[in-house]
Number of protein chains: 4
Amino acid sequence: MPREVRERQMLDAAVAAFARNGYQAASMDDIAEAAGVSKPLVYLYLKSKEELFMACVRREVGALVAAVREGTRERGAAADQQLWNGLTAFFAHTAARPDGVAVLHRARTQGEPFVREIAAMRAELAALVTSLLGQAARDAGCDSAPAEREVSGLAQALVGAAESLAEWANILAKETPSSAPSAQETAATLMNLCWSGLQNRMKGERWLPTLGVH
Amino acid sequence: MPREVRERQMLDAAVAAFARNGYQAASMDDIAEAAGVSKPLVYLYLKSKEELFMACVRREVGALVAAVREGTRERGAAADQQLWNGLTAFFAHTAARPDGVAVLHRARTQGEPFVREIAAMRAELAALVTSLLGQAARDAGCDSAPAEREVSGLAQALVGAAESLAEWANILAKETPSSAPSAQETAATLMNLCWSGLQNRMKGERWLPTLGVH
Amino acid sequence: MPREVRERQMLDAAVAAFARNGYQAASMDDIAEAAGVSKPLVYLYLKSKEELFMACVRREVGALVAAVREGTRERGAAADQQLWNGLTAFFAHTAARPDGVAVLHRARTQGEPFVREIAAMRAELAALVTSLLGQAARDAGCDSAPAEREVSGLAQALVGAAESLAEWANILAKETPSSAPSAQETAATLMNLCWSGLQNRMKGERWLPTLGVH
Amino acid sequence: MPREVRERQMLDAAVAAFARNGYQAASMDDIAEAAGVSKPLVYLYLKSKEELFMACVRREVGALVAAVREGTRERGAAADQQLWNGLTAFFAHTAARPDGVAVLHRARTQGEPFVREIAAMRAELAALVTSLLGQAARDAGCDSAPAEREVSGLAQALVGAAESLAEWANILAKETPSSAPSAQETAATLMNLCWSGLQNRMKGERWLPTLGVH
DNA sequence: GATGAATGAGATTTCATTCAT
DNA sequence: AATGAATGAAATCTCATTCAT
């Protein structure tokens with residue numbers, strides 16, 4: 001059996017194990033057995049548990065980012081449509097690969113190298129959002145963009161909200177598979193929450209304590 | 001030394017250890033040493049690693065919820081002011097007790113009992129938000145409340161956004177302590193992102209694909 | 001509360017614990033709690049776990065031997081009647097104090113000092129039997145007593161049979177308390193098994209391979 | 001080194017350790033060291049301390065029963081000869097494998113599963129004895145067999161007597177190896193004690209208090 | 001006379017990792 | 001290319017025992 005195939009099997013088994021049990025609790029024994037190979041072979045191909053986990057993380061990061069990029073490909077549309085497309089692609093992906101998403105979630109709490117990898121992914125997603133927001137500002141004929149840090153905060157909040165909704169949708173799907181929310185529905189919920197605010201903010205309006213939106 | 005004091009020391013040490021290393025990687029040896037006691041005493045007082053972790057989680061859940069409740073005490077104010085107060089209290093607390101928040105974050109991936117505890121906390125916070133939204137709807141003279149599931153999704157997204165922002169603010173604070181965003185500033189960012197959308201939604205307006213807000 | 005009473009409570013608790021769990025598995029914590037006192041007090045009175053166990057053993061040995069002696073007090077009777085009386089007393093005692101007997105049983109596998117204590121008890125019981133056998137030989141007008149080692153072996157076998165029957169009776173009593181064999185019945189079973197053989201042997205007859213009894 | 005061989009080494013070491021120190025006091029460290037392997041290997045092959053002990057028990061039960069069965073193979077002989085053959089085989093085995101017997105003895109006080117295993121062994125041996133008694137009754141032209149419970153008690157007493165004699169013989173052998181009783185001699189002692197009584201009982205005679213044998 | 005507080009030592013068990021073939 | 005055999009290190013947890021009061 002060619003190396004590539006074997007390696008994919010191992011990564012599949014590892015992603016499932018890490019998703020279910022977390023980095024520490026998933027054992028190399030279990031992973032090797034689930035992959036249908038002997039433990040020394042796992043070490044021959046993937047070097048160590050840490051590198052194996054890193055390989056999983058990188059694969060899943062790539063798949064998620066590619067899915068979102070694919071969703072926002074169509075360039076001519078309005079900014080909100082593009083954002084909605086991206087979110088739909090995001091939720092469709094998280095619904096299709098719950099284990100992959102779980103691995104990314106776990107990676108955020110597994111020390112330096114993994115945190116960096118996830119941060120890079122977030123930055124990439126945030127950049128996508130930011131460029132859409134810039135387009136929205138231009139569309140609205142307004143260039144009083146908020147300070148970089150505020151944009152960064154908004155993107156961070158958006159990504160957090162999306163992740164939280166993805167987890168929530170996955171839990172609902174596991175509980176009652178028939179009536180789980182679709183990716184479109186979840187994306188619409190998030191658009192309802194944030195698009196109006198983002199648009200206002202891009203137009204220079206802002207919410208202030210004791211005053212409300214201005 | 002009286003039992004109460006020792007127990008608090010242990011919980012403090014445990015929260016720090018769990019926050020830094022996660023549930024599995026934090027060892028009882030380390031926790032006992034950090035607390036300045038022997039391992040058997042930890043077991044005598046807290047029964048097991050799992051119960052120790054649970055005690056940490058419960059303490060931090062209690063502290064966080066109490067802080068937010070305290071922030072939203074003032075009853076007469078407008079809904080957005082109250083939400084802002086609650087968010088400010090939330091971010092002030094997460095900034096003041098980063099380890100506690102980290103423990104809650106870890107608990108979400110540590111199996112049934114902890115997941116349940118966190119879910120209960122989220123439900124409590126979401127109920128606060130929901131009641132504010134109801135008030136906002138009444139203030140706006142409109143009672144066409146969205147379906148329960150959508151409200152649930154909105155609250156989930158809001159909590160996720162808040163957690164994500166809190167983490168982001170804590171990272172900034174660790175990198176450049178001098179220029180970290182204040183709790184008020186972070187709360188304002190989140191209000192900017194979501195209040196307008198929430199208000200619209202409560203008035204019966206909604207964002208729809210290909211149409212924008214209606 | 002006077003020391004004697006406290007000490008008896010401790011021994012009672014210890015006998016129950018050792019009977020149920022064995023020497024190693026019974027913990028001083030459990031014993032102290034069952035006795036309703038603090039652990040240091042147990043150490044103050046009984047010195048150590050080993051001495052506590054030894055105290056239990058000695059108390060139960062004394063009680064068992066006293067019961068059997070009491071049963072064989074009546075001097076004028078025939079040897080078989082006296083043996084039967086002794087066995088009845090033995091089985092009545094083991095039925096009345098199952099925990100005490102269990103402790104003695106456990107003591108046989110707990111190293112030198114305890115083994116010695118039990119061996120001494122067996123020797124005492126064997127001496128009783130031996131003296132009855134001597135009387136039986138004289139009653140039968142025959143003094144060709146078997147060699148000392150053979151008598152020792154016979155006594156050993158008798159005691160082993162009695163212990164085994166006692167355990168068996170206790171198990172039956174625990175399973176179906178209503179229809180448990182009485183001490184008299186059990187003693188009769190053992191008499192049926194051994195008295196005829198003992199009597200023969202005292203008369204100089206013996207069973208030989210290929211020949212049967214002669 | 002092949003797994004089978006290693007596993008036998010481990011069982012040998014474990015039997016020796018359990019025989020000497022008992023289940024609780026024998027440590028896995030000691031067993032592994034005595035077997036010449038590392039602790040993890042013991043766990044890899046035998047799963048846990050409890051399963052290791054069970055494996056020892058089963059092996060020794062099998063060996064003992066096989067030895068006794070082998071001893072009573074010759075079918076044509078008289079009942080007493082067959083019983084004597086079986087007892088001789090029993091005492092030869094207990095003399096040859098004292099540790100194995102000690103393990104069986106320990107197993108009787110180590111909780112449910114082990115007690116059950118030993119009870120099954122006793123039942124098997126008792127069945128052998130019972131069938132011989134039946135043959136003896138037929139040989140004596142008499143079928144007034146005693147009630148089942150009495151037979152059960154007699155068998156129990158016989159097994160207890162045999163075990164007790166085996167232990168006694170082993171102690172003598174350890175003290176003065178030169179003059180230890182042979183298996184034949186010990187078997188004869190037990191036959192002298194019990195055969196006459198068994199035979200009488202099978203003929204319908206019985207010992208009764210105040211009356212003697214009738 | 002009695003106890004709450006505390007611990008050193010050691011138990012079972014698991015895991016990531018490596019040879020020798 | 002692949003594996004059966006093996007282990008050092010460290011995890012959680014328990015227990016007999018002692019102070020200081």
# chains A, B, ... in the order shown; residues from 1 in each chain; ligands from 1

call {"tool": "interface_residues", "arguments": {"of": "chain A", "to": "chain F", "cutoff": "10 Å", "atoms": "only C-alpha atoms (C1' of nucleotides)", "output": "CSV table (one decimal) with all heavy atoms, in the first residue's frame"}}
result
chain,number,residue,atom,x,y,z
A,1,MET,N,0.8,-1.2,0.0
A,1,MET,CA,0.0,0.0,0.0
A,1,MET,C,0.9,1.3,0.0
A,1,MET,O,1.8,1.4,0.8
A,1,MET,CB,-0.9,0.0,1.3
A,1,MET,CG,-1.9,1.1,1.2
A,1,MET,SD,-3.1,0.9,2.5
A,1,MET,CE,-3.7,-0.8,2.2
A,2,PRO,N,0.6,2.2,-0.9
A,2,PRO,CA,1.5,3.3,-1.0
A,2,PRO,C,1.5,4.2,0.2
A,2,PRO,O,0.5,4.3,0.9
A,2,PRO,CB,0.9,4.1,-2.2
A,2,PRO,CG,-0.5,3.6,-2.4
A,2,PRO,CD,-0.5,2.2,-1.9
A,3,ARG,N,2.6,4.9,0.4
A,3,ARG,CA,2.8,5.6,1.6
A,3,ARG,C,1.7,6.7,1.8
A,3,ARG,O,1.2,6.9,2.9
A,3,ARG,CB,4.1,6.3,1.6
A,3,ARG,CG,4.4,7.3,2.7
A,3,ARG,CD,5.8,7.6,2.9
A,3,ARG,NE,5.9,8.5,4.0
A,3,ARG,CZ,7.1,8.7,4.7
A,3,ARG,NH1,8.1,7.9,4.4
A,3,ARG,NH2,7.1,9.5,5.7
A,37,VAL,N,-2.7,-0.1,11.5
A,37,VAL,CA,-1.2,-0.4,11.3
A,37,VAL,C,-0.6,-0.5,12.7
A,37,VAL,O,-1.2,-0.3,13.7
A,37,VAL,CB,-0.5,0.8,10.6
A,37,VAL,CG1,-1.1,1.0,9.2
A,37,VAL,CG2,-0.7,2.1,11.4
A,38,SER,N,0.7,-0.9,12.7
A,38,SER,CA,1.4,-1.0,13.9
A,38,SER,C,2.0,0.3,14.4
A,38,SER,O,2.2,1.2,13.6
A,38,SER,CB,2.5,-2.0,13.8
A,38,SER,OG,3.5,-1.5,13.0
A,39,LYS,N,2.2,0.4,15.7
A,39,LYS,CA,2.7,1.6,16.2
A,39,LYS,C,4.0,2.1,15.6
A,39,LYS,O,4.2,3.3,15.3
A,39,LYS,CB,2.8,1.5,17.7
A,39,LYS,CG,1.9,2.5,18.5
A,39,LYS,CD,2.2,2.5,20.0
A,39,LYS,CE,2.3,1.1,20.5
A,39,LYS,NZ,2.7,1.1,22.0
A,40,PRO,N,5.0,1.2,15.5
A,40,PRO,CA,6.3,1.7,14.9
A,40,PRO,C,6.1,2.4,13.5
A,40,PRO,O,6.8,3.3,13.2
A,40,PRO,CB,7.1,0.4,14.8
A,40,PRO,CG,6.6,-0.4,15.9
A,40,PRO,CD,5.1,-0.1,15.9
A,41,LEU,N,5.1,1.9,12.8
A,41,LEU,CA,4.9,2.6,11.5
A,41,LEU,C,4.4,4.0,11.6
A,41,LEU,O,4.8,4.9,10.9
A,41,LEU,CB,3.9,1.7,10.7
A,41,LEU,CG,3.9,2.0,9.2
A,41,LEU,CD1,5.3,1.8,8.6
A,41,LEU,CD2,2.8,1.2,8.5
A,44,LEU,N,7.4,5.9,12.3
A,44,LEU,CA,8.2,6.0,11.1
A,44,LEU,C,7.7,7.1,10.2
A,44,LEU,O,8.5,7.9,9.6
A,44,LEU,CB,8.2,4.7,10.3
A,44,LEU,CG,9.2,4.6,9.2
A,44,LEU,CD1,10.6,4.6,9.7
A,44,LEU,CD2,9.0,3.3,8.4

call {"tool": "residues_around", "arguments": {"residues": "D:Ala180", "least_positions_apart": "3", "cutoff": "9 Å", "atoms": "only C-alpha atoms (C1' of nucleotides)", "output": "number ranges by chain"}}
result
D: 169-177

call {"tool": "interface_residues", "arguments": {"of": "chain E", "to": "chain C", "cutoff": "9 Å", "atoms": "only C-alpha atoms (C1' of nucleotides)", "output": "list in words"}}
result
DG1, DA2 and DT3 of chain E

call {"tool": "write_last_selection", "arguments": {"atoms": "all heavy atoms", "output": "PDB file, in the first residue's frame"}}
result
ATOM      1  P    DG E   1      -5.673  10.035  80.187  1.00  0.00           P
ATOM      2  OP1  DG E   1      -5.677   9.876  81.645  1.00  0.00           O
ATOM      3  OP2  DG E   1      -4.714   9.271  79.365  1.00  0.00           O
ATOM      4  O5'  DG E   1      -7.124   9.744  79.588  1.00  0.00           O
ATOM      5  C5'  DG E   1      -8.286  10.249  80.171  1.00  0.00           C
ATOM      6  C4'  DG E   1      -9.189  10.833  79.097  1.00  0.00           C
ATOM      7  O4'  DG E   1      -8.625  12.089  78.647  1.00  0.00           O
ATOM      8  C3'  DG E   1      -9.335   9.977  77.848  1.00  0.00           C
ATOM      9  O3'  DG E   1     -10.655  10.192  77.308  1.00  0.00           O
ATOM     10  C2'  DG E   1      -8.282  10.542  76.890  1.00  0.00           C
ATOM     11  C1'  DG E   1      -8.320  12.030  77.256  1.00  0.00           C
ATOM     12  N9   DG E   1      -7.010  12.673  77.079  1.00  0.00           N
ATOM     13  C8   DG E   1      -5.780  12.150  77.340  1.00  0.00           C
ATOM     14  N7   DG E   1      -4.802  12.968  77.089  1.00  0.00           N
ATOM     15  C5   DG E   1      -5.435  14.118  76.626  1.00  0.00           C
ATOM     16  C6   DG E   1      -4.894  15.348  76.185  1.00  0.00           C
ATOM     17  O6   DG E   1      -3.714  15.688  76.120  1.00  0.00           O
ATOM     18  N1   DG E   1      -5.896  16.236  75.784  1.00  0.00           N
ATOM     19  C2   DG E   1      -7.225  15.970  75.822  1.00  0.00           C
ATOM     20  N2   DG E   1      -8.039  16.941  75.401  1.00  0.00           N
ATOM     21  N3   DG E   1      -7.754  14.824  76.226  1.00  0.00           N
ATOM     22  C4   DG E   1      -6.795  13.941  76.603  1.00  0.00           C
ATOM     23  P    DA E   2     -11.083   9.507  75.984  1.00  0.00           P
ATOM     24  OP1  DA E   2     -12.548   9.476  75.928  1.00  0.00           O
ATOM     25  OP2  DA E   2     -10.284   8.268  75.857  1.00  0.00           O
ATOM     26  O5'  DA E   2     -10.577  10.545  74.877  1.00  0.00           O
ATOM     27  C5'  DA E   2     -11.295  11.774  74.756  1.00  0.00           C
ATOM     28  C4'  DA E   2     -10.786  12.553  73.572  1.00  0.00           C
ATOM     29  O4'  DA E   2      -9.441  12.984  73.825  1.00  0.00           O
ATOM     30  C3'  DA E   2     -10.724  11.783  72.257  1.00  0.00           C
ATOM     31  O3'  DA E   2     -11.770  12.280  71.425  1.00  0.00           O
ATOM     32  C2'  DA E   2      -9.336  12.076  71.688  1.00  0.00           C
ATOM     33  C1'  DA E   2      -8.831  13.188  72.573  1.00  0.00           C
ATOM     34  N9   DA E   2      -7.389  13.213  72.827  1.00  0.00           N
ATOM     35  C8   DA E   2      -6.621  12.203  73.311  1.00  0.00           C
ATOM     36  N7   DA E   2      -5.347  12.528  73.451  1.00  0.00           N
ATOM     37  C5   DA E   2      -5.288  13.834  72.994  1.00  0.00           C
ATOM     38  C6   DA E   2      -4.234  14.757  72.867  1.00  0.00           C
ATOM     39  N6   DA E   2      -2.973  14.485  73.200  1.00  0.00           N
ATOM     40  N1   DA E   2      -4.535  15.984  72.384  1.00  0.00           N
ATOM     41  C2   DA E   2      -5.796  16.267  72.047  1.00  0.00           C
ATOM     42  N3   DA E   2      -6.860  15.484  72.128  1.00  0.00           N
ATOM     43  C4   DA E   2      -6.542  14.275  72.605  1.00  0.00           C
ATOM     44  P    DT E   3     -11.891  11.709  69.946  1.00  0.00           P
ATOM     45  OP1  DT E   3     -13.330  11.790  69.627  1.00  0.00           O
ATOM     46  OP2  DT E   3     -11.166  10.449  69.778  1.00  0.00           O
ATOM     47  O5'  DT E   3     -11.152  12.849  69.127  1.00  0.00           O
ATOM     48  C5'  DT E   3     -11.452  14.208  69.441  1.00  0.00           C
ATOM     49  C4'  DT E   3     -10.661  15.144  68.554  1.00  0.00           C
ATOM     50  O4'  DT E   3      -9.295  15.223  69.025  1.00  0.00           O
ATOM     51  C3'  DT E   3     -10.557  14.708  67.083  1.00  0.00           C
ATOM     52  O3'  DT E   3     -10.763  15.847  66.289  1.00  0.00           O
ATOM     53  C2'  DT E   3      -9.124  14.216  66.949  1.00  0.00           C
ATOM     54  C1'  DT E   3      -8.422  15.146  67.923  1.00  0.00           C
ATOM     55  N1   DT E   3      -7.120  14.635  68.423  1.00  0.00           N
ATOM     56  C2   DT E   3      -6.027  15.460  68.407  1.00  0.00           C
ATOM     57  O2   DT E   3      -6.056  16.608  68.015  1.00  0.00           O
ATOM     58  N3   DT E   3      -4.873  14.890  68.891  1.00  0.00           N
ATOM     59  C4   DT E   3      -4.725  13.599  69.361  1.00  0.00           C
ATOM     60  O4   DT E   3      -3.653  13.195  69.772  1.00  0.00           O
ATOM     61  C5   DT E   3      -5.911  12.797  69.341  1.00  0.00           C
ATOM     62  C7   DT E   3      -5.869  11.385  69.836  1.00  0.00           C
ATOM     63  C6   DT E   3      -7.043  13.340  68.877  1.00  0.00           C
TER      64       DT E   3
END

call {"tool": "interface_residues", "arguments": {"of": "chain D", "to": "chain C", "cutoff": "8 Å", "atoms": "only C-alpha atoms", "output": "PyMOL selection string"}}
result
chain D and resi 21-22+24-25+80-81+84+106+109+150+153-154+156-165+168+186+188-198+201+206-210+212-213

call {"tool": "atom_distance", "arguments": {"atom1": "atom CA of C:Ala63", "atom2": "atom CA of D:Glu112"}}
result
28.8 Å

call {"tool": "residues_around", "arguments": {"residues": "B:Ala55", "least_positions_apart": "5", "cutoff": "9 Å", "atoms": "only C-alpha atoms (C1' of nucleotides)", "output": "CSV table (one decimal) with all heavy atoms, in the first residue's frame"}}
result
chain,number,residue,atom,x,y,z
B,11,LEU,N,-7.4,25.4,45.8
B,11,LEU,CA,-8.2,25.8,44.7
B,11,LEU,C,-7.5,26.8,43.8
B,11,LEU,O,-7.4,26.7,42.6
B,11,LEU,CB,-9.6,26.3,45.1
B,11,LEU,CG,-10.6,25.2,45.5
B,11,LEU,CD1,-11.9,25.9,45.8
B,11,LEU,CD2,-10.7,24.2,44.5
B,46,LEU,N,-10.2,17.2,48.7
B,46,LEU,CA,-10.9,17.3,47.4
B,46,LEU,C,-11.2,16.0,46.8
B,46,LEU,O,-11.7,16.0,45.6
B,46,LEU,CB,-10.1,18.2,46.5
B,46,LEU,CG,-10.3,19.7,46.6
B,46,LEU,CD1,-11.7,20.1,46.7
B,46,LEU,CD2,-9.5,20.3,47.7
B,50,GLU,N,-10.8,14.7,39.5
B,50,GLU,CA,-12.0,15.1,38.8
B,50,GLU,C,-12.8,16.1,39.8
B,50,GLU,O,-13.3,17.1,39.3
B,50,GLU,CB,-12.8,13.9,38.4
B,50,GLU,CG,-13.9,14.3,37.5
B,50,GLU,CD,-14.5,13.1,36.8
B,50,GLU,OE1,-13.7,12.1,36.6
B,50,GLU,OE2,-15.7,13.1,36.4
B,60,GLU,N,-15.4,29.2,39.8
B,60,GLU,CA,-15.2,30.2,38.8
B,60,GLU,C,-16.5,30.5,38.1
B,60,GLU,O,-16.8,31.7,37.7
B,60,GLU,CB,-14.2,29.8,37.8
B,60,GLU,CG,-12.8,29.6,38.4
B,60,GLU,CD,-12.3,30.8,39.1
B,60,GLU,OE1,-12.6,31.9,38.7
B,60,GLU,OE2,-11.6,30.7,40.2

call {"tool": "select_by_dssp", "arguments": {"residues": "stretch 6-93 of chain D", "states": "alpha helix (DSSP H)", "output": "JSON, numbers by chain"}}
result
{"D": [6, 7, 8, 9, 10, 11, 12, 13, 14, 15, 16, 17, 18, 19, 20, 21, 22, 23, 24, 25, 28, 29, 30, 31, 32, 33, 34, 35, 39, 40, 41, 42, 43, 44, 45, 46, 49, 50, 51, 52, 53, 54, 55, 56, 57, 58, 59, 60, 61, 62, 63, 64, 65, 66, 67, 68, 69, 70, 71, 79, 80, 81, 82, 83, 84, 85, 86, 87, 88, 89, 90, 91, 92, 93]}

call {"tool": "write_last_selection", "arguments": {"atoms": "C-alpha atoms", "output": "JSON list (two decimals), in the first residue's frame"}}
result
[["chain", "number", "residue", "atom", "x", "y", "z"],
["D", 6, "ARG", "CA", 7.45, -15.00, 28.92],
["D", 7, "GLU", "CA", 3.93, -15.53, 30.08],
["D", 8, "ARG", "CA", 4.85, -18.77, 31.83],
["D", 9, "GLN", "CA", 7.77, -17.03, 33.51],
["D", 10, "MET", "CA", 5.44, -14.36, 34.77],
["D", 11, "LEU", "CA", 2.93, -16.85, 36.10],
["D", 12, "ASP", "CA", 5.70, -18.74, 37.87],
["D", 13, "ALA", "CA", 6.97, -15.60, 39.50],
["D", 14, "ALA", "CA", 3.46, -14.51, 40.40],
["D", 15, "VAL", "CA", 2.54, -17.83, 41.97],
["D", 16, "ALA", "CA", 5.66, -17.70, 44.10],
["D", 17, "ALA", "CA", 5.01, -14.13, 45.17],
["D", 18, "PHE", "CA", 1.32, -14.62, 45.91],
["D", 19, "ALA", "CA", 2.09, -17.79, 47.82],
["D", 20, "ARG", "CA", 4.67, -16.09, 49.99],
["D", 21, "ASN", "CA", 3.01, -12.72, 50.61],
["D", 22, "GLY", "CA", -0.65, -13.00, 49.77],
["D", 23, "TYR", "CA", -2.59, -11.13, 47.14],
["D", 24, "GLN", "CA", -2.41, -7.65, 48.58],
["D", 25, "ALA", "CA", 1.11, -7.71, 49.90],
["D", 28, "MET", "CA", 3.58, -6.00, 40.86],
["D", 29, "ASP", "CA", 7.07, -4.55, 41.10],
["D", 30, "ASP", "CA", 8.34, -7.62, 42.85],
["D", 31, "ILE", "CA", 6.61, -9.98, 40.47],
["D", 32, "ALA", "CA", 7.97, -8.23, 37.40],
["D", 33, "GLU", "CA", 11.46, -8.21, 38.83],
["D", 34, "ALA", "CA", 11.27, -11.87, 39.79],
["D", 35, "ALA", "CA", 10.08, -12.70, 36.29],
["D", 39, "LYS", "CA", 6.27, -3.98, 34.83],
["D", 40, "PRO", "CA", 4.55, -2.71, 31.67],
["D", 41, "LEU", "CA", 5.13, -6.06, 30.04],
["D", 42, "VAL", "CA", 3.29, -7.80, 32.83],
["D", 43, "TYR", "CA", 0.36, -5.47, 32.29],
["D", 44, "LEU", "CA", 0.54, -5.91, 28.54],
["D", 45, "TYR", "CA", 0.21, -9.67, 28.86],
["D", 46, "LEU", "CA", -1.92, -10.13, 31.95],
["D", 49, "LYS", "CA", -3.21, -7.59, 39.07],
["D", 50, "GLU", "CA", -6.59, -9.19, 39.49],
["D", 51, "GLU", "CA", -6.44, -10.96, 36.14],
["D", 52, "LEU", "CA", -2.92, -12.07, 36.85],
["D", 53, "PHE", "CA", -4.05, -13.60, 40.12],
["D", 54, "MET", "CA", -6.99, -15.22, 38.40],
["D", 55, "ALA", "CA", -4.67, -16.71, 35.78],
["D", 56, "CYS", "CA", -2.53, -18.17, 38.55],
["D", 57, "VAL", "CA", -5.57, -19.59, 40.30],
["D", 58, "ARG", "CA", -6.93, -21.17, 37.17],
["D", 59, "ARG", "CA", -3.61, -22.73, 36.27],
["D", 60, "GLU", "CA", -3.18, -24.22, 39.71],
["D", 61, "VAL", "CA", -6.76, -25.42, 39.93],
["D", 62, "GLY", "CA", -6.31, -27.15, 36.59],
["D", 63, "ALA", "CA", -3.06, -28.79, 37.65],
["D", 64, "LEU", "CA", -4.47, -30.02, 40.96],
["D", 65, "VAL", "CA", -7.67, -31.43, 39.51],
["D", 66, "ALA", "CA", -5.75, -33.06, 36.68],
["D", 67, "ALA", "CA", -3.41, -34.72, 39.16],
["D", 68, "VAL", "CA", -6.26, -36.12, 41.23],
["D", 69, "ARG", "CA", -8.14, -37.31, 38.14],
["D", 70, "GLU", "CA", -5.02, -38.99, 36.89],
["D", 71, "GLY", "CA", -4.72, -40.72, 40.28],
["D", 79, "ALA", "CA", -13.90, -47.79, 46.07],
["D", 80, "ASP", "CA", -11.50, -47.49, 48.98],
["D", 81, "GLN", "CA", -8.51, -48.23, 46.75],
["D", 82, "GLN", "CA", -9.62, -45.57, 44.32],
["D", 83, "LEU", "CA", -10.12, -43.05, 47.08],
["D", 84, "TRP", "CA", -6.70, -43.87, 48.42],
["D", 85, "ASN", "CA", -5.20, -43.46, 44.97],
["D", 86, "GLY", "CA", -6.84, -40.07, 44.60],
["D", 87, "LEU", "CA", -5.67, -38.92, 48.02],
["D", 88, "THR", "CA", -2.15, -40.11, 47.30],
["D", 89, "ALA", "CA", -2.14, -38.16, 44.05],
["D", 90, "PHE", "CA", -3.49, -35.15, 45.92],
["D", 91, "PHE", "CA", -0.81, -35.23, 48.61],
["D", 92, "ALA", "CA", 1.92, -35.91, 46.06],
["D", 93, "HIS", "CA", 0.80, -32.87, 44.13]]

call {"tool": "atom_distance", "arguments": {"atom1": "atom CA of B:Ala26", "atom2": "atom CA of D:Lys47"}}
result
26.7 Å

call {"tool": "atom_distance", "arguments": {"atom1": "atom CA of A:Thr72", "atom2": "atom CA of A:Pro98"}}
result
21.3 Å
